[in-house]
Every structure is written in structure tokens, then in C-alpha cells.
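Data file: data_21.txt. Format and content: compact mmCIF, N, CA and C atoms.
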# COMPACT_ATOMS: atom_id res chain seq x y z
N MET A 1 150.38 160.57 0.47
CA MET A 1 151.67 159.92 0.56
C MET A 1 152.10 159.72 2.00
N LYS A 2 151.56 160.53 2.86
CA LYS A 2 151.95 160.43 4.26
C LYS A 2 151.53 159.07 4.84
N GLU A 3 150.35 158.63 4.48
CA GLU A 3 149.86 157.34 4.99
C GLU A 3 150.67 156.18 4.43
N GLN A 4 151.02 156.25 3.16
CA GLN A 4 151.84 155.19 2.58
C GLN A 4 153.21 155.13 3.25
N GLY A 5 153.78 156.29 3.59
CA GLY A 5 155.05 156.33 4.29
C GLY A 5 154.95 155.66 5.66
N LYS A 6 153.82 155.92 6.36
CA LYS A 6 153.62 155.27 7.66
C LYS A 6 153.48 153.76 7.52
N ILE A 7 152.80 153.33 6.47
CA ILE A 7 152.63 151.89 6.25
C ILE A 7 153.97 151.22 6.01
N PHE A 8 154.80 151.82 5.16
CA PHE A 8 156.11 151.23 4.88
C PHE A 8 157.04 151.32 6.09
N ALA A 9 156.93 152.37 6.90
CA ALA A 9 157.74 152.45 8.11
C ALA A 9 157.34 151.36 9.09
N GLY A 10 156.05 151.12 9.22
CA GLY A 10 155.59 150.02 10.08
C GLY A 10 156.03 148.67 9.56
N LEU A 11 155.98 148.51 8.25
CA LEU A 11 156.45 147.26 7.65
C LEU A 11 157.95 147.08 7.86
N ALA A 12 158.70 148.18 7.82
CA ALA A 12 160.15 148.11 8.07
C ALA A 12 160.43 147.67 9.51
N VAL A 13 159.69 148.21 10.46
CA VAL A 13 159.87 147.82 11.86
C VAL A 13 159.54 146.34 12.04
N PHE A 14 158.44 145.90 11.43
CA PHE A 14 158.06 144.49 11.52
C PHE A 14 159.13 143.59 10.90
N THR A 15 159.62 143.98 9.72
CA THR A 15 160.64 143.17 9.05
C THR A 15 161.93 143.14 9.85
N LEU A 16 162.29 144.24 10.49
CA LEU A 16 163.48 144.24 11.33
C LEU A 16 163.32 143.30 12.52
N ALA A 17 162.14 143.31 13.13
CA ALA A 17 161.89 142.40 14.26
C ALA A 17 161.98 140.95 13.81
N ILE A 18 161.41 140.65 12.65
CA ILE A 18 161.47 139.28 12.12
C ILE A 18 162.92 138.92 11.79
N ALA A 19 163.69 139.84 11.21
CA ALA A 19 165.08 139.56 10.86
C ALA A 19 165.93 139.29 12.09
N ILE A 20 165.73 140.07 13.14
CA ILE A 20 166.49 139.85 14.37
C ILE A 20 166.10 138.51 15.00
N THR A 21 164.80 138.22 15.03
CA THR A 21 164.33 136.94 15.56
C THR A 21 164.90 135.78 14.76
N TYR A 22 164.89 135.90 13.47
CA TYR A 22 165.43 134.85 12.60
C TYR A 22 166.93 134.66 12.82
N PHE A 23 167.65 135.77 12.97
CA PHE A 23 169.09 135.72 13.22
C PHE A 23 169.38 134.99 14.53
N VAL A 24 168.68 135.37 15.59
CA VAL A 24 168.90 134.74 16.90
C VAL A 24 168.52 133.27 16.85
N TRP A 25 167.39 132.97 16.21
CA TRP A 25 166.89 131.60 16.15
C TRP A 25 167.86 130.68 15.39
N THR A 26 168.34 131.16 14.25
CA THR A 26 169.23 130.29 13.47
C THR A 26 170.64 130.23 14.07
N THR A 27 171.06 131.26 14.79
CA THR A 27 172.38 131.23 15.42
C THR A 27 172.43 130.19 16.54
N LYS A 28 171.33 130.04 17.26
CA LYS A 28 171.29 129.09 18.37
C LYS A 28 171.02 127.66 17.94
N SER A 29 170.80 127.43 16.66
CA SER A 29 170.54 126.06 16.20
C SER A 29 171.86 125.30 16.10
N ASP A 30 171.75 124.01 15.88
CA ASP A 30 172.93 123.16 15.78
C ASP A 30 173.74 123.42 14.51
N HIS A 31 173.08 123.94 13.48
CA HIS A 31 173.74 124.12 12.18
C HIS A 31 174.42 125.48 12.05
N GLY A 32 174.21 126.37 12.97
CA GLY A 32 174.83 127.69 12.90
C GLY A 32 173.97 128.69 12.14
N LEU A 33 174.55 129.81 11.87
CA LEU A 33 173.83 130.90 11.21
C LEU A 33 173.44 130.52 9.78
N GLU A 34 172.20 130.79 9.43
CA GLU A 34 171.71 130.59 8.07
C GLU A 34 171.81 131.95 7.38
N ALA A 35 172.85 132.13 6.58
CA ALA A 35 173.21 133.45 6.07
C ALA A 35 172.26 133.98 5.00
N ALA A 36 171.75 133.12 4.15
CA ALA A 36 170.93 133.61 3.03
C ALA A 36 169.63 134.23 3.51
N GLY A 37 168.92 133.55 4.39
CA GLY A 37 167.66 134.08 4.89
C GLY A 37 167.85 135.32 5.74
N THR A 38 168.89 135.31 6.58
CA THR A 38 169.16 136.47 7.42
C THR A 38 169.50 137.69 6.56
N THR A 39 170.32 137.50 5.56
CA THR A 39 170.67 138.60 4.67
C THR A 39 169.45 139.11 3.92
N ALA A 40 168.62 138.20 3.43
CA ALA A 40 167.42 138.60 2.69
C ALA A 40 166.47 139.40 3.58
N LEU A 41 166.30 138.98 4.82
CA LEU A 41 165.40 139.71 5.71
C LEU A 41 165.94 141.09 6.06
N PHE A 42 167.24 141.20 6.29
CA PHE A 42 167.80 142.53 6.58
C PHE A 42 167.76 143.43 5.35
N LEU A 43 167.94 142.86 4.17
CA LEU A 43 167.80 143.67 2.95
C LEU A 43 166.35 144.09 2.73
N ALA A 44 165.39 143.22 3.07
CA ALA A 44 163.98 143.60 2.98
C ALA A 44 163.66 144.74 3.94
N PHE A 45 164.26 144.70 5.13
CA PHE A 45 164.10 145.81 6.08
C PHE A 45 164.64 147.10 5.47
N GLY A 46 165.84 147.04 4.87
CA GLY A 46 166.42 148.23 4.27
C GLY A 46 165.56 148.78 3.15
N LEU A 47 164.99 147.90 2.35
CA LEU A 47 164.13 148.35 1.25
C LEU A 47 162.88 149.02 1.77
N CYS A 48 162.23 148.42 2.77
CA CYS A 48 161.03 149.02 3.34
C CYS A 48 161.34 150.36 4.00
N ALA A 49 162.46 150.43 4.70
CA ALA A 49 162.84 151.69 5.35
C ALA A 49 163.14 152.76 4.30
N PHE A 50 163.81 152.38 3.23
CA PHE A 50 164.13 153.34 2.16
C PHE A 50 162.85 153.89 1.52
N ILE A 51 161.92 153.01 1.19
CA ILE A 51 160.67 153.46 0.56
C ILE A 51 159.85 154.30 1.53
N GLY A 52 159.79 153.88 2.79
CA GLY A 52 159.05 154.67 3.78
C GLY A 52 159.63 156.05 3.97
N PHE A 53 160.97 156.14 4.03
CA PHE A 53 161.61 157.44 4.17
C PHE A 53 161.34 158.31 2.95
N TYR A 54 161.43 157.72 1.76
CA TYR A 54 161.19 158.49 0.54
C TYR A 54 159.76 159.03 0.50
N LEU A 55 158.79 158.19 0.83
CA LEU A 55 157.40 158.64 0.79
C LEU A 55 157.12 159.70 1.85
N ALA A 56 157.69 159.54 3.04
CA ALA A 56 157.49 160.54 4.09
C ALA A 56 158.18 161.86 3.72
N PHE A 57 159.37 161.78 3.13
CA PHE A 57 160.10 162.98 2.71
C PHE A 57 159.37 163.69 1.58
N THR A 58 158.85 162.92 0.63
CA THR A 58 158.15 163.52 -0.51
C THR A 58 156.81 164.10 -0.10
N ALA A 59 156.15 163.51 0.89
CA ALA A 59 154.84 164.00 1.33
C ALA A 59 154.93 165.41 1.88
N LYS A 60 156.10 165.81 2.40
CA LYS A 60 156.25 167.16 2.92
C LYS A 60 156.31 168.20 1.81
N ARG A 61 156.70 167.78 0.61
CA ARG A 61 156.91 168.74 -0.47
C ARG A 61 155.77 168.80 -1.47
N VAL A 62 154.82 167.87 -1.44
CA VAL A 62 153.74 167.86 -2.41
C VAL A 62 152.42 168.15 -1.71
N ASP A 63 151.41 168.44 -2.51
CA ASP A 63 150.08 168.69 -1.94
C ASP A 63 149.52 167.42 -1.32
N THR A 64 148.63 167.62 -0.36
CA THR A 64 147.99 166.48 0.28
C THR A 64 147.05 165.81 -0.71
N GLY A 65 147.21 164.51 -0.87
CA GLY A 65 146.37 163.77 -1.80
C GLY A 65 145.11 163.27 -1.14
N ALA A 66 144.24 162.69 -1.94
CA ALA A 66 142.98 162.18 -1.42
C ALA A 66 143.22 160.99 -0.48
N GLY A 67 144.32 160.28 -0.66
CA GLY A 67 144.61 159.14 0.21
C GLY A 67 144.94 159.55 1.63
N ASP A 68 145.32 160.80 1.86
CA ASP A 68 145.64 161.28 3.20
C ASP A 68 144.43 161.89 3.91
N ASN A 69 143.35 162.07 3.20
CA ASN A 69 142.14 162.66 3.78
C ASN A 69 141.17 161.54 4.16
N PRO A 70 140.85 161.36 5.44
CA PRO A 70 139.96 160.26 5.82
C PRO A 70 138.53 160.44 5.33
N GLU A 71 138.13 161.66 4.95
CA GLU A 71 136.77 161.91 4.49
C GLU A 71 136.69 162.00 2.97
N ALA A 72 137.70 161.60 2.27
CA ALA A 72 137.75 161.72 0.81
C ALA A 72 136.90 160.64 0.15
N GLU A 73 136.41 160.96 -1.01
CA GLU A 73 135.68 160.00 -1.84
C GLU A 73 136.64 159.44 -2.89
N VAL A 74 136.24 158.35 -3.53
CA VAL A 74 137.07 157.75 -4.56
C VAL A 74 137.23 158.71 -5.73
N SER A 75 136.20 159.46 -6.05
CA SER A 75 136.24 160.39 -7.18
C SER A 75 137.18 161.56 -6.93
N ASP A 76 137.55 161.82 -5.69
CA ASP A 76 138.48 162.92 -5.40
C ASP A 76 139.87 162.66 -5.95
N ASP A 77 140.20 161.41 -6.18
CA ASP A 77 141.53 161.06 -6.68
C ASP A 77 141.55 160.90 -8.19
N ALA A 78 140.42 161.22 -8.85
CA ALA A 78 140.34 161.07 -10.30
C ALA A 78 141.12 162.18 -10.98
N GLY A 79 141.48 161.92 -12.23
CA GLY A 79 142.19 162.93 -13.01
C GLY A 79 143.44 162.36 -13.62
N GLU A 80 144.23 163.24 -14.20
CA GLU A 80 145.44 162.82 -14.87
C GLU A 80 146.52 162.45 -13.85
N LEU A 81 147.13 161.31 -14.05
CA LEU A 81 148.16 160.83 -13.14
C LEU A 81 149.55 161.05 -13.66
N GLY A 82 149.69 161.36 -14.93
CA GLY A 82 151.00 161.58 -15.51
C GLY A 82 151.01 161.19 -16.97
N PHE A 83 152.17 161.26 -17.56
CA PHE A 83 152.32 160.91 -18.97
C PHE A 83 152.95 159.53 -19.08
N PHE A 84 152.32 158.68 -19.86
CA PHE A 84 152.83 157.33 -20.09
C PHE A 84 152.93 157.10 -21.59
N ALA A 85 153.97 156.41 -22.00
CA ALA A 85 154.18 156.14 -23.42
C ALA A 85 153.05 155.27 -23.96
N PRO A 86 152.48 155.63 -25.12
CA PRO A 86 151.38 154.84 -25.67
C PRO A 86 151.83 153.44 -26.10
N HIS A 87 153.00 153.34 -26.67
CA HIS A 87 153.58 152.05 -27.03
C HIS A 87 155.07 152.26 -27.24
N SER A 88 155.82 151.24 -26.94
CA SER A 88 157.26 151.35 -27.09
C SER A 88 157.86 149.97 -27.25
N TRP A 89 158.77 149.85 -28.22
CA TRP A 89 159.47 148.59 -28.44
C TRP A 89 160.81 148.56 -27.71
N GLN A 90 161.17 149.68 -27.11
CA GLN A 90 162.49 149.76 -26.49
C GLN A 90 162.66 148.84 -25.27
N PRO A 91 161.65 148.68 -24.41
CA PRO A 91 161.84 147.73 -23.30
C PRO A 91 162.10 146.30 -23.77
N LEU A 92 161.58 145.94 -24.93
CA LEU A 92 161.84 144.59 -25.46
C LEU A 92 163.32 144.43 -25.81
N SER A 93 163.91 145.44 -26.44
CA SER A 93 165.33 145.33 -26.76
C SER A 93 166.19 145.37 -25.50
N LEU A 94 165.77 146.13 -24.49
CA LEU A 94 166.49 146.12 -23.22
C LEU A 94 166.39 144.75 -22.55
N ALA A 95 165.22 144.13 -22.62
CA ALA A 95 165.05 142.81 -22.02
C ALA A 95 165.89 141.76 -22.74
N ILE A 96 165.93 141.83 -24.06
CA ILE A 96 166.75 140.87 -24.82
C ILE A 96 168.23 141.09 -24.51
N GLY A 97 168.66 142.35 -24.49
CA GLY A 97 170.06 142.64 -24.15
C GLY A 97 170.41 142.21 -22.74
N GLY A 98 169.51 142.45 -21.79
CA GLY A 98 169.75 142.02 -20.42
C GLY A 98 169.80 140.52 -20.28
N ALA A 99 168.90 139.82 -20.99
CA ALA A 99 168.91 138.36 -20.95
C ALA A 99 170.21 137.81 -21.54
N LEU A 100 170.65 138.40 -22.64
CA LEU A 100 171.93 137.96 -23.22
C LEU A 100 173.10 138.25 -22.28
N ALA A 101 173.05 139.39 -21.59
CA ALA A 101 174.13 139.72 -20.65
C ALA A 101 174.17 138.72 -19.50
N PHE A 102 173.03 138.36 -18.96
CA PHE A 102 173.02 137.37 -17.88
C PHE A 102 173.39 135.99 -18.38
N LEU A 103 173.04 135.68 -19.61
CA LEU A 103 173.50 134.42 -20.18
C LEU A 103 175.02 134.44 -20.37
N GLY A 104 175.56 135.62 -20.62
CA GLY A 104 177.01 135.75 -20.73
C GLY A 104 177.72 135.42 -19.43
N VAL A 105 177.09 135.71 -18.31
CA VAL A 105 177.68 135.34 -17.02
C VAL A 105 177.70 133.82 -16.88
N ILE A 106 176.70 133.16 -17.42
CA ILE A 106 176.60 131.70 -17.29
C ILE A 106 177.50 130.99 -18.29
N PHE A 107 177.39 131.35 -19.57
CA PHE A 107 178.06 130.58 -20.62
C PHE A 107 179.42 131.12 -21.04
N GLY A 108 179.67 132.36 -20.75
CA GLY A 108 180.97 132.92 -21.11
C GLY A 108 180.86 134.42 -21.33
N TRP A 109 181.92 135.10 -20.93
CA TRP A 109 181.91 136.56 -21.02
C TRP A 109 181.92 137.07 -22.45
N TRP A 110 182.24 136.22 -23.41
CA TRP A 110 182.25 136.63 -24.80
C TRP A 110 180.85 137.04 -25.26
N LEU A 111 179.81 136.53 -24.61
CA LEU A 111 178.44 136.86 -25.00
C LEU A 111 178.12 138.33 -24.70
N LEU A 112 178.88 138.95 -23.81
CA LEU A 112 178.68 140.38 -23.55
C LEU A 112 179.03 141.22 -24.78
N PHE A 113 179.89 140.68 -25.64
CA PHE A 113 180.23 141.37 -26.88
C PHE A 113 178.97 141.62 -27.72
N TRP A 114 178.00 140.71 -27.64
CA TRP A 114 176.76 140.86 -28.41
C TRP A 114 175.66 141.55 -27.60
N SER A 115 175.70 141.40 -26.29
CA SER A 115 174.60 141.94 -25.49
C SER A 115 174.74 143.43 -25.19
N ILE A 116 175.95 143.92 -25.01
CA ILE A 116 176.14 145.33 -24.67
C ILE A 116 175.65 146.26 -25.78
N PRO A 117 175.93 145.98 -27.06
CA PRO A 117 175.35 146.86 -28.10
C PRO A 117 173.83 146.83 -28.13
N VAL A 118 173.23 145.66 -27.89
CA VAL A 118 171.76 145.59 -27.87
C VAL A 118 171.23 146.41 -26.69
N LEU A 119 171.87 146.31 -25.54
CA LEU A 119 171.47 147.11 -24.38
C LEU A 119 171.61 148.61 -24.66
N LEU A 120 172.72 149.00 -25.26
CA LEU A 120 172.94 150.43 -25.53
C LEU A 120 171.96 150.97 -26.56
N ILE A 121 171.66 150.19 -27.59
CA ILE A 121 170.68 150.62 -28.59
C ILE A 121 169.30 150.76 -27.96
N GLY A 122 168.92 149.80 -27.12
CA GLY A 122 167.63 149.88 -26.44
C GLY A 122 167.55 151.05 -25.49
N LEU A 123 168.61 151.30 -24.74
CA LEU A 123 168.63 152.42 -23.81
C LEU A 123 168.59 153.75 -24.55
N TYR A 124 169.37 153.88 -25.62
CA TYR A 124 169.36 155.10 -26.42
C TYR A 124 167.97 155.33 -27.02
N GLY A 125 167.37 154.28 -27.56
CA GLY A 125 166.04 154.42 -28.14
C GLY A 125 164.99 154.79 -27.11
N TRP A 126 165.09 154.24 -25.92
CA TRP A 126 164.11 154.53 -24.89
C TRP A 126 164.24 155.97 -24.39
N VAL A 127 165.46 156.46 -24.26
CA VAL A 127 165.66 157.82 -23.79
C VAL A 127 165.18 158.83 -24.82
N PHE A 128 165.44 158.56 -26.11
CA PHE A 128 165.15 159.54 -27.15
C PHE A 128 163.94 159.19 -28.00
N GLU A 129 163.04 158.32 -27.54
CA GLU A 129 161.93 157.93 -28.39
C GLU A 129 160.92 159.04 -28.63
N PHE A 130 160.86 160.04 -27.76
CA PHE A 130 159.92 161.13 -27.97
C PHE A 130 160.58 162.35 -28.60
N TYR A 131 161.80 162.19 -29.11
CA TYR A 131 162.49 163.26 -29.82
C TYR A 131 162.46 163.04 -31.33
N ARG A 132 161.88 161.93 -31.77
CA ARG A 132 161.83 161.63 -33.21
C ARG A 132 160.59 160.79 -33.48
N GLY A 133 160.20 160.71 -34.75
CA GLY A 133 159.10 159.85 -35.15
C GLY A 133 157.74 160.47 -34.92
N GLU A 134 156.69 159.62 -34.95
CA GLU A 134 155.31 160.10 -34.86
C GLU A 134 154.95 160.62 -33.47
N ASN A 135 155.65 160.20 -32.44
CA ASN A 135 155.37 160.65 -31.08
C ASN A 135 156.28 161.80 -30.65
N GLN A 136 156.87 162.48 -31.60
CA GLN A 136 157.79 163.56 -31.28
C GLN A 136 157.04 164.70 -30.56
N ASN A 137 157.53 165.09 -29.41
CA ASN A 137 156.88 166.18 -28.69
C ASN A 137 157.88 167.22 -28.20
N GLN A 138 159.11 167.16 -28.66
CA GLN A 138 160.11 168.15 -28.23
C GLN A 138 160.53 168.99 -29.40
As C-alpha cells, the full file:
Amino acid sequence: MKEQGKIFAGLAVFTLAIAITYFVWTTKSDHGLEAAGTTALFLAFGLCAFIGFYLAFTAKRVDTGAGDNPEAEVSDDAGELGFFAPHSWQPLSLAIGGALAFLGVIFGWWLLFWSIPVLLIGLYGWVFEFYRGENQNQ
């Protein structure tokens, strides 16, 4: 994780340099500051810096992985990576509820009356899907 943190920190520095250059370049043009691109680049810098900080902070608390060892083989990183749900219908209901909610912003806030229950049912099902049914493990 230490190497990934360094990569994202370097990407954050590069993105900051590009954002500052873009800001100066568009400010000196005849049309004035181009706010959308400047904002997007500074937000990209913030995202890269956030991820880099998180990876560097987490690397101090976990064991050194094979990615941090320059003499490691590919097989050194083999093994269990975590627990993943075998199948789940809950993300589909969350996606439908989210799509309806965003359509509510476009067509009218009344559509949130239908989308919020779908979102809540999907979220409840996703949180508690391993507490009931055939995949129960608690």
C-alpha cells in the first residue's frame, strides 16, 4: 500500500500543477476564468490527495504486502482477498431508486415520493441480506 500511496501523491502533485497552470492560462485569456474546468481540476487534485493520504496512513497500520516488496513474485500475493457477496439483487433496487430520484430532480419533486421508499428498501435489504435467507451467516 505504501507504493500506491506514493503513486497517488505524485498524481496529486501533477494534478495540482496542471490545475494552477489551467487557472493562470484561462484567467489571462480574453474570455476570463473558465470555472468548470478549473473547479474539476482542483477537485481531481483533492481526490488524488485524499486517496494518497488514506493509502499512506493505512500502510502504516497493516502488514507489508507483496506490492511493496521489489523482489516479490506474483504468487506471493495469492490467497483470500476478502468476502464478497455471491449474488445480490439489492444494488439493482438501489439503482432503480437512485435513477427515479434523479429523474425527480428533472421532472418534479413529486417523483421522490416513489423513489425514496425504493431506495430505503434496497438499502435495508443490502445491509441485512446476510442476516436472513439461504446466505444467513449471523
Just the helix (DSSP H, G or I) stuff from chain A, please, per backbone DSSP, written as a ChimeraX atom specification. /A:2-27,35-59,66-68,74-77,90-107,109-127
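Atom pair atom N of Gly67 in chain A / CA of Phe8 in chain A: separated by 15.9 Å.
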CA of Leu16 in chain A to CA of Phe45 in chain A: how many Å, to one decimal?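 According to the coordinates, CA of Leu16 in chain A and CA of Phe45 in chain A are separated by 5.5 Å.
Shortest separation to Ala40 in chain A among A:Phe23, A:Phe84, A:Trp114, A:Tyr54 occurs at residue A:Phe23, atoms counted being only C-alpha atoms.
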Which one of A:Ser88, A:Leu47, A:Lys6, A:Val105 sits closest to Gly122 in chain A if you count only C-alpha atoms? A:Ser88
Give me, as a VMD selection string, all polymer residues having an atom no more than 6.5 Å from Ala44 in chain A, counting only N, CA and C atoms and skipping those fewer than 4 positions away in the same chain. chain A and resid 12 15 39 to 40 48 to 49
I need the chosen residues saved as a PDB file, keeping the file's coordinate frame, with N, CA and C atoms.
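Result file result-v6.pdb:
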ATOM      1  N   ALA A  12     158.700 148.180   7.820  1.00  0.00           N
ATOM      2  CA  ALA A  12     160.150 148.110   8.070  1.00  0.00           C
ATOM      3  C   ALA A  12     160.430 147.670   9.510  1.00  0.00           C
ATOM      4  N   THR A  15     159.620 143.980   9.720  1.00  0.00           N
ATOM      5  CA  THR A  15     160.640 143.170   9.050  1.00  0.00           C
ATOM      6  C   THR A  15     161.930 143.140   9.850  1.00  0.00           C
ATOM      7  N   THR A  39     170.320 137.500   5.560  1.00  0.00           N
ATOM      8  CA  THR A  39     170.670 138.600   4.670  1.00  0.00           C
ATOM      9  C   THR A  39     169.450 139.110   3.920  1.00  0.00           C
ATOM     10  N   ALA A  40     168.620 138.200   3.430  1.00  0.00           N
ATOM     11  CA  ALA A  40     167.420 138.600   2.690  1.00  0.00           C
ATOM     12  C   ALA A  40     166.470 139.400   3.580  1.00  0.00           C
ATOM     13  N   CYS A  48     162.230 148.420   2.770  1.00  0.00           N
ATOM     14  CA  CYS A  48     161.030 149.020   3.340  1.00  0.00           C
ATOM     15  C   CYS A  48     161.340 150.360   4.000  1.00  0.00           C
ATOM     16  N   ALA A  49     162.460 150.430   4.700  1.00  0.00           N
ATOM     17  CA  ALA A  49     162.840 151.690   5.350  1.00  0.00           C
ATOM     18  C   ALA A  49     163.140 152.760   4.300  1.00  0.00           C
TER      19      ALA A  49
END
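The coordinates place CA of Gly97 in chain A at 6.7 Å from CA of Ile116 in chain A.
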What are the centre and edge lengths in Å, to one decimal, of the axis-aligned box around all listed atoms of range 91-98 of chain A with 3 Å added on each side, as AutoDock Vina command-line options?
--center_x 166.0 --center_y 144.6 --center_z -23.5 --size_x 14.8 --size_y 14.2 --size_z 12.5
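The smallest atom-to-atom distance between Leu55 in chain A and any of A:Ala78, A:Met1, A:Leu123, A:Leu111, using all atoms listed in the file, is found for A:Met1.
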With a distance cut-off of 6.5 Å and all atoms listed in the file, select the neighbouring residues of range 36-38 of chain A, excluding the residue or stretch itself and same-chain residues fewer than 3 positions from it, and output the selection as a list of chain:residue names.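 Neighbouring residues, sequence-local ones excluded: A:Ala19, A:Tyr22, A:Phe23, A:Leu33, A:Leu41, A:Phe42, A:Leu43.
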Between A:Phe102, A:Trp25, A:Phe53, A:Phe107, smallest distance to Gln4 in chain A by only N, CA and C atoms belongs to A:Phe53
Residue nearest Gly52 in chain A among A:Ser115, A:Gly5, A:Gly98, A:Phe128 (counting only N, CA and C atoms): A:Gly5
Using only C-alpha atoms, pick whichever of A:Ala95, A:Thr27, A:Ile106, A:Glu3 has the shortest atom-to-atom distance to Thr58 in chain A.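 Ranked by minimum distance to Thr58 in chain A, first place goes to A:Glu3.
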Excluding Trp126 in chain A and residues on its chain fewer than 6 positions from it, collect all residues at most 8 Å away from it, counting only N, CA and C atoms, and give them as JSON, numbers by chain. {"A": [88, 89, 90, 91, 120]}
Tell me, as JSON, numbers by chain, which residues lie within 8 Å of Phe113 in chain A, counting only N, CA and C atoms; anything in the same chain fewer than 5 positions away does not count. {"A": [100, 101, 104, 108, 118]}
